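Data block below; observations after.
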Amino acid sequence: MDKTAPTVVYCAHGYSSVAAAGYLMQQGFGEVYSLKGGITTWQAEGNPVEEPAGEMRSGK
């Protein structure tokens, strides 16, 4: 990954991504963001979520 590019990390609820963002900063990444509330909040607020082509979640 490019340590000079802005980087956003996220998880389901935002707790793990805070730790991951801190770790990346310790590793020399300059601009790191954690998605507050995780992807769950992002989606609940009506923001779009796309899954990579060829991947589907079970039960959907």
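In the structure tokens, the first chain shown is A, the next is B, and so on; residue numbers restart at 1 for each chain, and ligands run from 1 in the order shown.
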Which residues are near region 1-15 of chain A? Cut-off 7 Å, only C-alpha atoms, ignore same chain within fewer than 5 positions. Put them as an MDAnalysis selection string. chainID A and resid 21 28:40
Export C-alpha atoms of the chosen residues as a compact mmCIF listing (two decimals), in the first residue's frame?
```txt
# COMPACT_ATOMS: atom_id res chain seq x y z
CA ALA A 21 -5.77 2.85 11.81
CA GLY A 28 4.45 5.24 8.78
CA PHE A 29 1.17 5.87 6.99
CA GLY A 30 0.65 9.63 6.97
CA GLU A 31 -3.09 10.13 6.48
CA VAL A 32 -5.27 7.38 7.95
CA TYR A 33 -8.98 7.48 8.74
CA SER A 34 -11.28 5.05 10.54
CA LEU A 35 -14.88 5.01 9.33
CA LYS A 36 -16.84 6.08 12.43
CA GLY A 37 -19.53 3.51 13.24
CA GLY A 38 -18.20 1.11 10.62
CA ILE A 39 -19.89 -0.11 7.50
CA THR A 40 -23.07 -0.80 9.50
```
All strand (DSSP E or B) positions in chain A, as a ChimeraX atom specification: /A:7-9,32-34
